[in-house]
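Text of entry_26.txt, listed as compact mmCIF, C-alpha atoms and all ligand atoms:
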# COMPACT_ATOMS: atom_id res chain seq x y z
CA MET A 1 2.32 50.60 -70.33
CA GLN A 2 1.98 48.78 -73.62
CA LYS A 3 -1.15 46.84 -74.38
CA HIS A 4 0.52 43.39 -74.52
CA GLN A 5 2.28 44.06 -71.18
CA LEU A 6 -1.07 44.92 -69.56
CA TYR A 7 -2.45 41.68 -70.93
CA ARG A 8 0.56 39.72 -69.56
CA ASN A 9 0.08 41.24 -66.09
CA GLN A 10 -3.60 40.38 -66.17
CA VAL A 11 -2.83 36.76 -67.11
CA LEU A 12 -0.23 36.62 -64.32
CA ARG A 13 -2.73 37.97 -61.75
CA GLN A 14 -5.36 35.47 -62.88
CA GLY A 15 -2.81 32.65 -62.63
CA LEU A 16 -1.83 33.63 -59.10
CA PHE A 17 -5.49 33.89 -58.10
CA THR A 18 -6.21 30.41 -59.53
CA LEU A 19 -3.19 29.00 -57.66
CA LEU A 20 -4.42 30.57 -54.42
CA VAL A 21 -7.89 29.07 -54.93
CA ILE A 22 -6.37 25.62 -55.57
CA LEU A 23 -4.14 25.89 -52.49
CA LEU A 24 -7.05 26.93 -50.29
CA ALA A 25 -9.56 24.47 -51.69
CA GLY A 26 -7.11 21.58 -52.01
CA PRO A 27 -6.97 20.50 -48.39
CA ILE A 28 -10.76 20.84 -48.08
CA SER A 29 -11.56 18.70 -51.11
CA CYS A 30 -9.00 16.07 -50.05
CA ALA A 31 -10.07 16.17 -46.37
CA GLN A 32 -11.21 12.85 -45.00
CA LYS A 33 -14.68 12.53 -43.57
CA PRO A 34 -14.48 12.18 -39.76
CA TYR A 35 -15.26 8.46 -39.61
CA GLU A 36 -13.53 7.31 -42.80
CA GLY A 37 -12.04 3.85 -42.15
CA LYS A 38 -14.38 3.07 -39.22
CA VAL A 39 -16.78 0.14 -39.41
CA LEU A 40 -20.12 0.09 -37.60
CA LEU A 41 -22.28 -3.02 -37.33
CA ALA A 42 -25.94 -2.67 -36.32
CA VAL A 43 -27.83 -5.90 -35.57
CA PHE A 44 -31.61 -5.97 -35.22
CA ALA A 45 -34.35 -8.56 -35.37
CA HIS A 46 -36.88 -7.43 -37.97
CA PRO A 47 -37.09 -5.26 -41.08
CA ASP A 48 -37.99 -1.78 -39.63
CA ASP A 49 -36.31 -2.34 -36.18
CA GLU A 50 -33.41 -0.26 -37.48
CA SER A 51 -35.68 2.81 -37.29
CA THR A 52 -34.90 2.98 -33.55
CA VAL A 53 -31.37 4.14 -34.42
CA SER A 54 -31.74 5.04 -38.11
CA PRO A 55 -30.76 8.75 -37.74
CA ILE A 56 -27.34 7.77 -36.43
CA LEU A 57 -26.90 5.04 -39.06
CA ALA A 58 -27.48 7.77 -41.67
CA LYS A 59 -25.13 10.09 -39.78
CA TYR A 60 -22.22 7.67 -39.57
CA ALA A 61 -22.65 6.59 -43.20
CA ARG A 62 -22.70 10.28 -44.25
CA GLU A 63 -19.59 10.94 -42.19
CA GLY A 64 -17.60 8.24 -43.94
CA ALA A 65 -18.01 5.10 -41.78
CA LYS A 66 -18.83 1.80 -43.43
CA VAL A 67 -22.16 0.86 -41.85
CA HIS A 68 -23.47 -2.69 -42.01
CA LEU A 69 -27.01 -3.51 -40.95
CA VAL A 70 -27.88 -7.10 -40.08
CA VAL A 71 -31.59 -7.91 -40.06
CA VAL A 72 -31.98 -11.36 -38.56
CA THR A 73 -35.52 -12.49 -39.35
CA ASP A 74 -37.79 -12.47 -42.39
CA GLY A 75 -40.65 -10.66 -40.61
CA ARG A 76 -43.27 -13.09 -41.90
CA TYR A 77 -45.57 -12.44 -38.92
CA GLY A 78 -45.64 -8.67 -39.41
CA THR A 79 -49.40 -8.29 -39.85
CA ASN A 80 -51.13 -5.22 -38.43
CA ASP A 81 -54.35 -3.20 -38.38
CA PHE A 82 -53.20 -0.80 -41.11
CA HIS A 83 -53.06 -3.31 -43.97
CA ASP A 84 -54.64 -6.65 -44.80
CA HIS A 85 -51.40 -8.55 -45.46
CA LYS A 86 -51.47 -12.22 -44.56
CA ALA A 87 -48.61 -13.69 -42.53
CA GLY A 88 -46.31 -15.85 -44.64
CA ASP A 89 -44.11 -16.05 -47.72
CA GLU A 90 -45.75 -13.20 -49.63
CA LEU A 91 -45.19 -10.80 -46.73
CA VAL A 92 -41.56 -11.99 -46.52
CA VAL A 93 -41.01 -10.89 -50.14
CA THR A 94 -42.69 -7.53 -49.50
CA ARG A 95 -40.69 -6.83 -46.37
CA ARG A 96 -37.41 -7.87 -48.00
CA GLU A 97 -37.96 -5.26 -50.73
CA GLU A 98 -39.01 -2.64 -48.15
CA MET A 99 -35.84 -3.34 -46.17
CA LYS A 100 -33.66 -2.93 -49.28
CA CYS A 101 -35.33 0.44 -49.96
CA ALA A 102 -34.74 1.63 -46.36
CA ALA A 103 -31.09 0.47 -46.29
CA ALA A 104 -30.32 2.18 -49.61
CA LEU A 105 -31.67 5.51 -48.34
CA LEU A 106 -29.68 5.26 -45.11
CA GLY A 107 -26.53 4.45 -47.07
CA VAL A 108 -25.92 1.19 -45.21
CA GLU A 109 -24.90 -2.25 -46.42
CA LEU A 110 -27.73 -4.69 -45.74
CA ILE A 111 -27.20 -8.27 -44.58
CA HIS A 112 -30.60 -9.93 -44.36
CA LEU A 113 -30.27 -13.33 -42.70
CA ASN A 114 -33.88 -14.37 -43.31
CA PHE A 115 -34.30 -16.51 -40.21
CA HIS A 116 -37.88 -17.53 -39.57
CA ASP A 117 -39.77 -14.78 -37.71
CA GLN A 118 -40.02 -15.54 -33.96
CA LEU A 119 -37.14 -17.99 -34.56
CA ARG A 120 -39.53 -20.93 -34.72
CA ALA A 121 -40.57 -20.39 -31.09
CA GLY A 122 -44.01 -21.79 -31.91
CA GLU A 123 -42.42 -25.16 -32.69
CA GLY A 124 -41.11 -25.57 -29.13
CA TYR A 125 -37.61 -26.57 -28.05
CA ASP A 126 -36.78 -28.77 -31.06
CA GLY A 127 -37.81 -26.12 -33.56
CA HIS A 128 -36.50 -23.06 -31.78
CA VAL A 129 -33.19 -24.02 -30.18
CA PRO A 130 -31.38 -25.27 -33.34
CA HIS A 131 -32.59 -22.12 -35.12
CA ALA A 132 -31.35 -19.86 -32.29
CA ARG A 133 -27.97 -21.66 -32.18
CA GLU A 134 -27.55 -21.26 -35.92
CA MET A 135 -28.26 -17.54 -35.53
CA VAL A 136 -25.43 -17.13 -32.99
CA LYS A 137 -23.03 -18.96 -35.32
CA GLN A 138 -23.96 -16.80 -38.30
CA LEU A 139 -23.62 -13.61 -36.23
CA ASN A 140 -20.20 -14.80 -35.11
CA ASP A 141 -19.16 -15.34 -38.76
CA ILE A 142 -20.33 -11.84 -39.66
CA VAL A 143 -18.37 -10.21 -36.81
CA GLU A 144 -15.27 -12.21 -37.80
CA ARG A 145 -15.62 -11.16 -41.43
CA ILE A 146 -16.58 -7.50 -40.98
CA LYS A 147 -14.35 -6.76 -37.97
CA PRO A 148 -16.39 -3.78 -36.77
CA ASN A 149 -15.02 -1.04 -34.51
CA ALA A 150 -18.45 -0.78 -32.89
CA ILE A 151 -21.62 -2.86 -32.67
CA ILE A 152 -25.12 -1.62 -31.80
CA THR A 153 -27.94 -4.00 -30.92
CA TRP A 154 -31.04 -4.40 -28.76
CA GLY A 155 -30.64 -4.23 -24.98
CA PRO A 156 -32.38 -6.48 -22.42
CA ASP A 157 -35.67 -4.58 -22.78
CA GLY A 158 -35.75 -5.20 -26.53
CA GLY A 159 -37.55 -1.89 -26.91
CA SER A 160 -40.97 -3.53 -26.86
CA THR A 161 -40.01 -6.68 -24.86
CA HIS A 162 -40.43 -8.61 -28.14
CA MET A 163 -38.73 -11.98 -27.64
CA ASP A 164 -36.91 -11.75 -30.99
CA HIS A 165 -35.45 -8.36 -30.07
CA ARG A 166 -34.19 -9.60 -26.71
CA LEU A 167 -32.82 -12.84 -28.18
CA VAL A 168 -30.96 -11.01 -30.95
CA GLY A 169 -29.42 -8.60 -28.39
CA ALA A 170 -28.43 -11.53 -26.14
CA SER A 171 -26.97 -13.48 -29.09
CA VAL A 172 -24.85 -10.54 -30.25
CA THR A 173 -23.64 -10.14 -26.65
CA GLN A 174 -22.70 -13.83 -26.53
CA VAL A 175 -20.69 -13.47 -29.75
CA TYR A 176 -18.94 -10.44 -28.28
CA LEU A 177 -18.13 -12.27 -25.02
CA SER A 178 -17.07 -15.53 -26.63
CA LYS A 179 -13.49 -14.50 -27.33
CA ASP A 180 -10.84 -11.88 -26.77
CA TRP A 181 -11.31 -10.11 -30.12
CA GLN A 182 -7.95 -8.91 -31.38
CA LYS A 183 -9.35 -5.76 -32.93
CA PRO A 184 -10.63 -3.20 -30.38
CA MET A 185 -14.40 -3.44 -30.60
CA SER A 186 -17.10 -1.71 -28.58
CA LEU A 187 -20.56 -3.08 -27.94
CA TYR A 188 -23.55 -0.75 -27.41
CA PHE A 189 -27.15 -1.45 -26.47
CA TYR A 190 -29.95 0.81 -27.59
CA GLY A 191 -31.88 2.23 -24.64
CA THR A 192 -34.57 4.72 -23.68
CA PRO A 193 -34.01 7.09 -20.74
CA VAL A 194 -36.68 6.39 -18.13
CA GLU A 195 -37.55 10.11 -17.95
CA ASN A 196 -38.44 10.08 -21.66
CA ILE A 197 -41.23 7.56 -21.01
CA ASP A 198 -44.55 8.86 -19.69
CA ASP A 199 -46.36 5.73 -18.46
CA ALA A 200 -45.35 3.82 -15.34
CA GLU A 201 -45.55 0.41 -17.00
CA GLY A 202 -43.33 1.58 -19.88
CA LYS A 203 -40.76 2.92 -17.41
CA THR A 204 -40.50 -0.54 -15.82
CA LEU A 205 -40.54 -2.53 -19.05
CA ARG A 206 -38.13 -0.53 -21.15
CA GLY A 207 -36.87 2.54 -19.29
CA GLN A 208 -33.25 2.89 -18.22
CA ALA A 209 -31.67 5.24 -15.70
CA SER A 210 -29.58 7.96 -17.34
CA LYS A 211 -26.48 6.87 -15.40
CA PHE A 212 -26.36 3.77 -17.60
CA LEU A 213 -27.04 5.51 -20.93
CA ARG A 214 -23.88 7.55 -21.09
CA THR A 215 -23.44 7.46 -24.86
CA LYS A 216 -25.75 10.09 -26.29
CA VAL A 217 -25.23 10.39 -30.05
CA SER A 218 -26.59 13.53 -31.69
CA TYR A 219 -27.63 13.80 -35.32
CA THR A 220 -28.60 16.50 -37.79
CA ASP A 221 -31.93 17.50 -39.35
CA GLU A 222 -30.59 16.03 -42.60
CA ASP A 223 -30.01 12.65 -40.90
CA LEU A 224 -33.48 12.74 -39.35
CA GLU A 225 -35.10 13.53 -42.70
CA MET A 226 -33.27 10.61 -44.28
CA ALA A 227 -34.41 8.37 -41.42
CA ALA A 228 -38.01 9.49 -41.97
CA LYS A 229 -37.80 8.74 -45.69
CA SER A 230 -36.32 5.32 -45.01
CA TYR A 231 -39.05 4.55 -42.45
CA ARG A 232 -41.67 5.22 -45.13
CA CYS A 233 -40.12 2.35 -47.14
CA HIS A 234 -41.62 -0.05 -44.56
CA TYR A 235 -45.05 0.65 -45.98
CA SER A 236 -46.55 -2.72 -44.97
CA GLN A 237 -45.81 -1.92 -41.32
CA ILE A 238 -46.96 1.65 -40.95
CA ASP A 239 -50.10 3.69 -40.77
CA PRO A 240 -50.55 5.08 -44.32
CA MET A 241 -51.59 8.37 -42.70
CA LEU A 242 -48.22 8.71 -40.93
CA THR A 243 -46.18 11.35 -42.73
CA GLU A 244 -42.45 12.00 -42.69
CA ALA A 245 -43.21 15.10 -40.60
CA ASP A 246 -45.03 12.91 -38.02
CA PHE A 247 -42.01 10.60 -37.81
CA ILE A 248 -39.67 13.56 -37.40
CA GLU A 249 -41.84 15.10 -34.66
CA ARG A 250 -42.20 11.80 -32.79
CA LYS A 251 -38.52 10.99 -33.01
CA SER A 252 -37.17 14.39 -31.98
CA ARG A 253 -39.79 15.31 -29.34
CA LYS A 254 -37.26 14.70 -26.55
CA GLY A 255 -34.23 15.96 -28.49
CA LYS A 256 -32.24 14.72 -31.45
CA PHE A 257 -30.24 11.97 -29.74
CA VAL A 258 -29.94 8.21 -29.79
CA TYR A 259 -29.09 6.85 -26.33
CA LEU A 260 -26.80 3.87 -25.98
CA ARG A 261 -25.39 1.87 -23.08
CA LYS A 262 -21.80 0.79 -23.59
CA PHE A 263 -20.89 -2.71 -22.49
CA GLU A 264 -18.20 -2.35 -19.85
CA ALA A 265 -15.92 -5.25 -18.94
CA PRO A 266 -14.46 -5.47 -15.41
CA LYS A 267 -11.08 -3.71 -15.18
CA SER A 268 -9.55 -6.15 -12.70
CA ASP A 269 -10.04 -9.55 -11.04
CA SER A 270 -11.84 -9.86 -7.72
CA ASP A 271 -12.39 -12.65 -5.17
CA SER A 272 -15.64 -11.38 -3.72
CA VAL A 273 -19.05 -10.20 -4.88
CA PHE A 274 -19.00 -7.66 -2.05
CA GLU A 275 -16.65 -4.77 -2.72
ZN ZN A 301 -39.06 -5.86 -34.35
What is this structure when it is put down as structure tokens?
Amino acid sequence: MQKHQLYRNQVLRQGLFTLLVILLAGPISCAQKPYEGKVLLAVFAHPDDESTVSPILAKYAREGAKVHLVVVTDGRYGTNDFHDHKAGDELVVTRREEMKCAAALLGVELIHLNFHDQLRAGEGYDGHVPHAREMVKQLNDIVERIKPNAIITWGPDGGSTHMDHRLVGASVTQVYLSKDWQKPMSLYFYGTPVENIDDAEGKTLRGQASKFLRTKVSYTDEDLEMAAKSYRCHYSQIDPMLTEADFIERKSRKGKFVYLRKFEAPKSDSDSVFE
């Protein structure tokens, strides 16, 4: 075989090989992520509350969903034993920056509503109620604008029974119930299985029977590591000695899942409370 013919065959073989690689790799590189086109809305009360579900926020963002995180209050009362921050405007600025840092790491779009921490409860009915009503209206506007496929918020326990947590969860539920949303939309409440809580008081205050927590969302080590990094952004709220490894251990001690209770509407009408 002549030299130039050998060369031509070699070029032809290389060309065929390249074509094969393109054909094989093409569908992979063009493949959609599993949740591309889906919209998730998470609504919590304070900067750092999102850490309860942060591994799955990271997961859904990584898997292509558009994830929006609404943080309702400014967290101005977030003083603690770890730092000597004073409650007030300066802490608001600090926590706003911390929240931006955490949201960026999780890959979520942050909507910080900056309502007064504790929703002006200390000012009594006239201070609190207009503030709480305004919150419901703003949450309604957000749901109308974003049109999520799924919403996650605090359940009736509020995790720690914090009044802001429970009021935010109740307000999101009211928005959800207030109309027959045209787009199919699911509402989920964060919950803790009662068997994952050791103390009797905790079981009563925030535990939930497994039969109600039927949505059990798993996540990867990568998602958990990202959640740990984002939690460290909330420096003003955490023990400086708490490492990312501590967060990971604490979070995954009972398995790498976030438990949610899906809101279920009645399937049919009834004329009695006794079935
Ligand atoms: Zn909170």
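Residues of protein or nucleic acid lying within 7 Å of ligand ZN 301 (chain A), counting all atoms listed in the file, are Ala45, His46, Asp48, Asp49, His162 and His165 of chain A.
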request  = Work out how far atom CA of Val172 of chain A is from atom CA of Leu213 of chain A, in Å to one decimal.
outcome  = 18.7 Å
request  = Work out how far apart atom CA of Pro156 of chain A and atom CA of Val273 of chain A are and give it in Å to one decimal.
outcome  = 22.3 Å
Go through segment 153-184 of chain A and flag each residue having an atom no more than 10 Å from segment 63-77 of chain A; for those, report the closest pair of atoms plus their distance in Å to one decimal, using only C-alpha atoms, ordered by chain and rising number, as a tab-separated table.
residue	atom	partner	partner_atom	distance
A:Thr153	CA	A:Val70	CA	9.7
A:Asp164	CA	A:Thr73	CA	8.5
A:His165	CA	A:Val72	CA	9.6
A:Val168	CA	A:Val72	CA	7.7
Atom CA of Tyr190 of chain A to atom CA of Ile151 of chain A, straight-line distance in Å =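 If I compute the distance from atom CA of Ile151 of chain A to atom CA of Tyr190 of chain A, I get 10.4 Å.
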inquiry  = Measuring between all atoms listed in the file, which one of A:Ala265, A:Leu119, A:Ile111, A:Leu105 shows the shortest distance to Met163 of chain A?
reply    =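 Ranked by minimum distance to Met163 of chain A, first place goes to A:Leu119.
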task = Kindly indicate which residue among A:His112, A:Lys211, A:Lys59, A:Arg133 lies nearest to Val175 of chain A, using only C-alpha atoms for the distances.
result =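 Of all the options, A:Arg133 lies closest to Val175 of chain A.
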key: Selection near Ser210 of chain A, 12 Å with all atoms listed in the file, sequence-local residues under 3 positions removed, as a count of residues only   = 14
At a cut-off of 10 Å, using all atoms listed in the file, what residues contact Gln237 of chain A? Leave out same-chain residues fewer than 4 positions from it and give the result as a PDB file with C-alpha atoms, in the frame of the given file.
ATOM      1  CA  PRO A  47     -37.090  -5.260 -41.080  1.00  0.00           C
ATOM      2  CA  ASP A  48     -37.990  -1.780 -39.630  1.00  0.00           C
ATOM      3  CA  GLY A  78     -45.640  -8.670 -39.410  1.00  0.00           C
ATOM      4  CA  THR A  79     -49.400  -8.290 -39.850  1.00  0.00           C
ATOM      5  CA  ASN A  80     -51.130  -5.220 -38.430  1.00  0.00           C
ATOM      6  CA  ASP A  81     -54.350  -3.200 -38.380  1.00  0.00           C
ATOM      7  CA  PHE A  82     -53.200  -0.800 -41.110  1.00  0.00           C
ATOM      8  CA  HIS A  83     -53.060  -3.310 -43.970  1.00  0.00           C
ATOM      9  CA  HIS A  85     -51.400  -8.550 -45.460  1.00  0.00           C
ATOM     10  CA  ARG A  95     -40.690  -6.830 -46.370  1.00  0.00           C
ATOM     11  CA  GLU A  98     -39.010  -2.640 -48.150  1.00  0.00           C
ATOM     12  CA  TYR A 231     -39.050   4.550 -42.450  1.00  0.00           C
ATOM     13  CA  ARG A 232     -41.670   5.220 -45.130  1.00  0.00           C
ATOM     14  CA  CYS A 233     -40.120   2.350 -47.140  1.00  0.00           C
TER      15      CYS A 233
END
Counting all atoms listed in the file, give me one row per residue of segment 83-161 of chain A with an atom at most 7 Å from an atom of segment 34-39 of chain A, showing the shortest contact pair and its distance in Å to one decimal, sorted by chain then residue number, as CSV.
residue,atom,partner,partner_atom,distance
A:Pro148,CA,A:Val39,CA,4.7
A:Asn149,CA,A:Val39,CA,5.3
A:Ala150,CA,A:Val39,CA,6.8
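Here the question is which of A:Val93, A:Val53, A:Tyr60, A:Ile197 gets nearest to Lys33 of chain A using all atoms listed in the file, and that residue is A:Tyr60.
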Proximity to Ala227 of chain A - best of A:Leu187, A:Val129, A:Ile248, A:Cys101, only C-alpha atoms =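 For Ala227 of chain A, the nearest of the candidates is A:Ile248.
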ask   = Closest to Lys229 of chain A among A:Leu91, A:Ala245, A:Leu57, A:Leu177, using all atoms listed in the file?
value =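 Answer, going by the shortest atom-to-atom distance: A:Ala245.
Closest to Ala121 of chain A among A:Asp180, A:Glu109, A:Asn140, A:Leu167 is A:Leu167, based on only C-alpha atoms.
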Centre and edge lengths, as AutoDock Vina command-line options, for the axis-aligned box enclosing every listed atom of segment 47-66 of chain A with 4 Å of padding on each of the six sides, in Å to one decimal?
--center_x -27.8 --center_y 2.8 --center_z -38.9 --size_x 28.4 --size_y 24.2 --size_z 18.7
